[in-house]
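Everything below belongs to structure.cif, which stores mmCIF, C-alpha atoms.
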```cif
data_work
#
loop_
_atom_site.label_atom_id
_atom_site.label_comp_id
_atom_site.auth_asym_id
_atom_site.auth_seq_id
_atom_site.Cartn_x
_atom_site.Cartn_y
_atom_site.Cartn_z
CA MET A 1 28.00 -2.49 13.35
CA THR A 2 25.29 -0.53 11.62
CA THR A 3 24.60 2.80 13.25
CA LEU A 4 21.20 4.31 13.81
CA ARG A 5 22.10 7.04 11.33
CA GLN A 6 22.79 4.47 8.61
CA LEU A 7 19.54 2.67 9.36
CA LEU A 8 17.50 5.86 9.30
CA GLU A 9 19.08 6.99 6.03
CA GLU A 10 18.38 3.59 4.47
CA GLU A 11 14.84 3.63 5.83
CA VAL A 12 14.23 7.04 4.27
CA ALA A 13 15.34 5.72 0.88
CA VAL A 14 13.22 2.57 1.15
CA VAL A 15 10.11 4.45 2.37
CA ARG A 16 10.58 6.90 -0.50
CA THR A 17 10.55 3.89 -2.88
CA PHE A 18 7.47 2.53 -1.12
CA VAL A 19 5.64 5.84 -1.50
CA GLY A 20 6.45 5.80 -5.23
CA LEU A 21 4.99 2.30 -5.50
CA LEU A 22 1.85 3.35 -3.64
CA GLU A 23 1.44 6.35 -5.94
CA ARG A 24 1.83 4.07 -8.96
CA GLU A 25 -0.69 1.65 -7.46
CA GLN A 26 -3.15 4.50 -6.99
CA ARG A 27 -2.82 5.54 -10.64
CA LEU A 28 -3.38 1.98 -11.82
CA LEU A 29 -6.41 1.58 -9.56
CA ILE A 30 -7.97 4.87 -10.66
CA GLU A 31 -7.34 4.08 -14.33
CA GLY A 32 -8.69 0.55 -13.87
CA ASP A 33 -5.43 -0.93 -15.20
CA VAL A 34 -5.50 -4.22 -13.29
CA ASP A 35 -2.91 -5.86 -15.56
CA GLY A 36 -0.11 -3.90 -13.90
CA LEU A 37 -1.15 -4.71 -10.34
CA PRO A 38 0.34 -8.21 -9.87
CA ALA A 39 3.90 -7.10 -10.66
CA LEU A 40 3.42 -4.01 -8.52
CA LEU A 41 2.17 -6.14 -5.63
CA GLN A 42 5.33 -8.23 -5.86
CA GLU A 43 7.47 -5.08 -5.70
CA LYS A 44 5.46 -3.73 -2.76
CA ASN A 45 5.89 -6.98 -0.86
CA GLU A 46 9.65 -6.94 -1.42
CA VAL A 47 9.94 -3.34 -0.23
CA ALA A 48 7.66 -4.02 2.78
CA THR A 49 9.87 -6.98 3.72
CA ARG A 50 12.93 -4.72 3.53
CA LEU A 51 11.22 -2.10 5.69
CA ALA A 52 10.39 -4.73 8.31
CA ALA A 53 14.03 -5.85 8.36
CA ILE A 54 15.22 -2.26 8.82
CA ALA A 55 12.71 -1.72 11.63
CA GLU A 56 14.00 -4.86 13.35
CA GLN A 57 17.61 -3.65 13.00
CA ARG A 58 16.59 -0.28 14.44
CA ARG A 59 14.91 -2.07 17.36
CA VAL A 60 18.12 -4.02 18.04
CA VAL A 61 20.31 -0.89 17.90
CA LEU A 62 18.01 1.02 20.25
CA ALA A 63 17.61 -1.97 22.58
CA ALA A 64 21.42 -2.12 22.90
CA ASP A 65 21.15 1.32 24.52
CA GLY A 66 18.22 0.17 26.67
CA LEU A 67 15.69 2.11 24.58
CA SER A 68 12.40 1.19 22.99
CA ALA A 69 11.96 1.25 19.20
CA ASN A 70 9.26 3.91 19.19
CA ARG A 71 9.40 7.69 18.84
CA ALA A 72 10.14 8.14 22.51
CA GLY A 73 13.08 5.73 22.25
CA VAL A 74 14.47 7.56 19.23
CA ALA A 75 14.04 10.90 21.02
CA ALA A 76 15.91 9.51 24.03
CA TRP A 77 18.67 8.28 21.70
CA PHE A 78 18.97 11.76 20.19
CA ALA A 79 19.14 13.26 23.68
CA ALA A 80 22.02 10.89 24.50
CA HIS A 81 23.76 11.62 21.15
CA PRO A 82 23.39 15.38 20.59
CA GLY A 83 26.02 15.48 17.83
CA GLU A 84 24.13 13.06 15.54
CA ASN A 85 22.76 15.76 13.22
CA ASP A 86 22.68 13.50 10.14
CA ALA A 87 20.59 10.95 12.02
CA ARG A 88 18.30 13.70 13.27
CA THR A 89 17.89 15.01 9.70
CA ALA A 90 17.05 11.51 8.41
CA TRP A 91 14.52 11.02 11.21
CA ALA A 92 12.90 14.37 10.46
CA GLU A 93 12.61 13.32 6.81
CA LEU A 94 11.35 9.83 7.66
CA LEU A 95 8.35 10.87 9.76
CA PRO A 96 6.41 12.76 7.05
CA LEU A 97 7.34 10.11 4.46
CA ALA A 98 5.93 7.39 6.70
CA THR A 99 2.76 9.44 7.20
CA ARG A 100 2.45 9.89 3.43
CA ALA A 101 2.86 6.13 2.88
CA GLN A 102 0.23 5.39 5.50
CA GLU A 103 -2.23 7.85 3.92
CA LEU A 104 -1.64 6.53 0.40
CA ASN A 105 -2.14 2.98 1.61
CA ARG A 106 -5.42 3.99 3.28
CA LEU A 107 -6.64 5.81 0.16
CA ASN A 108 -5.69 2.89 -2.09
CA GLY A 109 -7.68 0.60 0.19
CA GLU A 110 -10.69 2.89 -0.21
CA VAL A 111 -10.32 2.89 -4.02
CA ILE A 112 -10.18 -0.92 -3.96
CA GLN A 113 -13.33 -1.05 -1.82
CA LEU A 114 -15.12 1.29 -4.23
CA ARG A 115 -14.06 -0.89 -7.18
CA LEU A 116 -15.28 -4.00 -5.39
CA GLN A 117 -18.64 -2.38 -4.62
CA SER A 118 -18.98 -1.20 -8.20
CA ASN A 119 -18.16 -4.67 -9.53
CA ALA A 120 -20.62 -6.27 -7.11
CA GLN A 121 -23.35 -3.86 -8.24
CA ALA A 122 -22.59 -4.56 -11.89
CA ILE A 123 -22.76 -8.30 -11.30
CA GLU A 124 -26.00 -7.88 -9.38
CA ALA A 125 -27.47 -5.87 -12.25
CA LEU A 126 -26.39 -8.51 -14.78
CA VAL A 127 -27.42 -11.55 -12.78
CA GLY A 128 -30.44 -10.10 -11.00
CA SER A 129 -31.43 -10.44 -7.40
CA SER A 130 -32.58 -14.05 -7.81
CA GLY A 131 -29.09 -15.09 -8.84
CA ALA A 132 -30.32 -16.57 -12.12
CA LEU A 133 -28.99 -15.24 -15.37
CA GLY A 134 -31.73 -13.19 -17.01
CA LEU A 135 -32.13 -13.77 -20.73
CA TYR A 136 -34.02 -11.75 -23.28
CA GLY A 137 -36.63 -13.28 -25.55
CA PRO A 138 -37.17 -12.48 -29.23
CA ASP A 139 -39.61 -9.75 -28.19
CA GLY A 140 -36.88 -7.97 -26.18
CA GLN A 141 -38.51 -8.80 -22.87
CA SER A 142 -36.54 -10.38 -20.08
CA ARG A 143 -37.11 -14.09 -19.47
CA PRO A 144 -36.06 -15.76 -16.24
CA GLY A 145 -33.47 -18.52 -16.27
CA GLY A 146 -32.43 -20.66 -19.15
CA GLY A 147 -35.70 -22.69 -19.22
CA GLY A 148 -36.49 -22.00 -22.85
CA ARG A 149 -34.96 -23.50 -25.91
CA ILE A 150 -32.30 -21.77 -27.93
CA SER A 151 -33.76 -19.97 -30.90
CA ASP A 152 -31.89 -20.34 -34.17
CA SER A 153 -33.78 -17.59 -35.93
CA ALA A 154 -32.35 -14.17 -36.06
#
```

Any chance you could give the structure as structure tokens?
Amino acid sequence: MTTLRQLLEEEVAVVRTFVGLLEREQRLLIEGDVDGLPALLQEKNEVATRLAAIAEQRRVVLAADGLSANRAGVAAWFAAHPGENDARTAWAELLPLATRAQELNRLNGEVIQLRLQSNAQAIEALVGSSGALGLYGPDGQSRPGGGGRISDSA
């Protein structure tokens, strides 16, 4: 049977990997390198799936002792197992890592929103508020829509 210590140590390693992926995602987003995002998203999904499985295993282990799978349940488990120093060390490492992952995820969401707003503004500027593609005439002045004929003189 997997012990809580083993689960916590594995969770620390997986969350550390997840933080690295979030940091990489942030760099790609800031640099505007969208080509690297699909593969990264696949990796993030795989790691998130693994984290969910670990959390479920932790819930099962704690439930076997009649405890909930939240911080209070873990604290009660530590109180009942005072000699589990390695588990306590892993838990102490896990909490700030999880907070870091949550913060990075929030910041990445904000960067994505800013990119979306910027793209929407750029499209609006190109298309115009009427939604019709504005074209320029030979005199350099904007003409609405594509109602005119195509000029073959340059």

What separation in Å, quoted to one decimal, exists between CA of Leu7 (chain A) and CA of Arg100 (chain A)?
->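 Result for CA of Leu7 (chain A) versus CA of Arg100 (chain A): 19.5 Å, one decimal.
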
Report as a PyMOL selection string the full result of the PyMOL selection byres ((chain A and resi 23) around 12) when it is applied to this structure.
-> chain A and resi 16-22+24-30+40+44+100-108

Length of the CA of Pro96 (chain A) to CA of Val15 (chain A) vector [Å] =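 For CA of Pro96 (chain A) relative to CA of Val15 (chain A), the distance reads 10.2 Å.
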
For the atom pair CA of Arg115 (chain A) and CA of Gln42 (chain A), what is the interatomic distance in Å to one decimal place?
-> 20.8 Å

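Distances here use all atoms listed in the file; by that measure, the residue among A:Glu10, A:Gly32, A:Val47, A:Leu97 closest to Asn119 (chain A) is A:Gly32.
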
Check what the PyMOL selection byres ((chain A and resi 61-76) around 10) selects in the file above and give those residues as a short mmCIF file (atom, residue, chain, number, x, y, z; two decimals) with C-alpha atoms, in the frame of the given file.
```cif
data_model
loop_
_atom_site.label_atom_id
_atom_site.label_comp_id
_atom_site.auth_asym_id
_atom_site.auth_seq_id
_atom_site.Cartn_x
_atom_site.Cartn_y
_atom_site.Cartn_z
CA MET A 1 28.00 -2.49 13.35
CA THR A 2 25.29 -0.53 11.62
CA THR A 3 24.60 2.80 13.25
CA LEU A 4 21.20 4.31 13.81
CA LEU A 7 19.54 2.67 9.36
CA ALA A 55 12.71 -1.72 11.63
CA GLU A 56 14.00 -4.86 13.35
CA GLN A 57 17.61 -3.65 13.00
CA ARG A 58 16.59 -0.28 14.44
CA ARG A 59 14.91 -2.07 17.36
CA VAL A 60 18.12 -4.02 18.04
CA TRP A 77 18.67 8.28 21.70
CA PHE A 78 18.97 11.76 20.19
CA ALA A 79 19.14 13.26 23.68
CA ALA A 80 22.02 10.89 24.50
CA HIS A 81 23.76 11.62 21.15
CA ARG A 88 18.30 13.70 13.27
CA TRP A 91 14.52 11.02 11.21
CA LEU A 95 8.35 10.87 9.76
#
```

Which one is closest to Ala53 (chain A): A:Ala39, A:Ala120, A:Ala92, A:Val14? Count all atoms listed in the file.
-> A:Val14
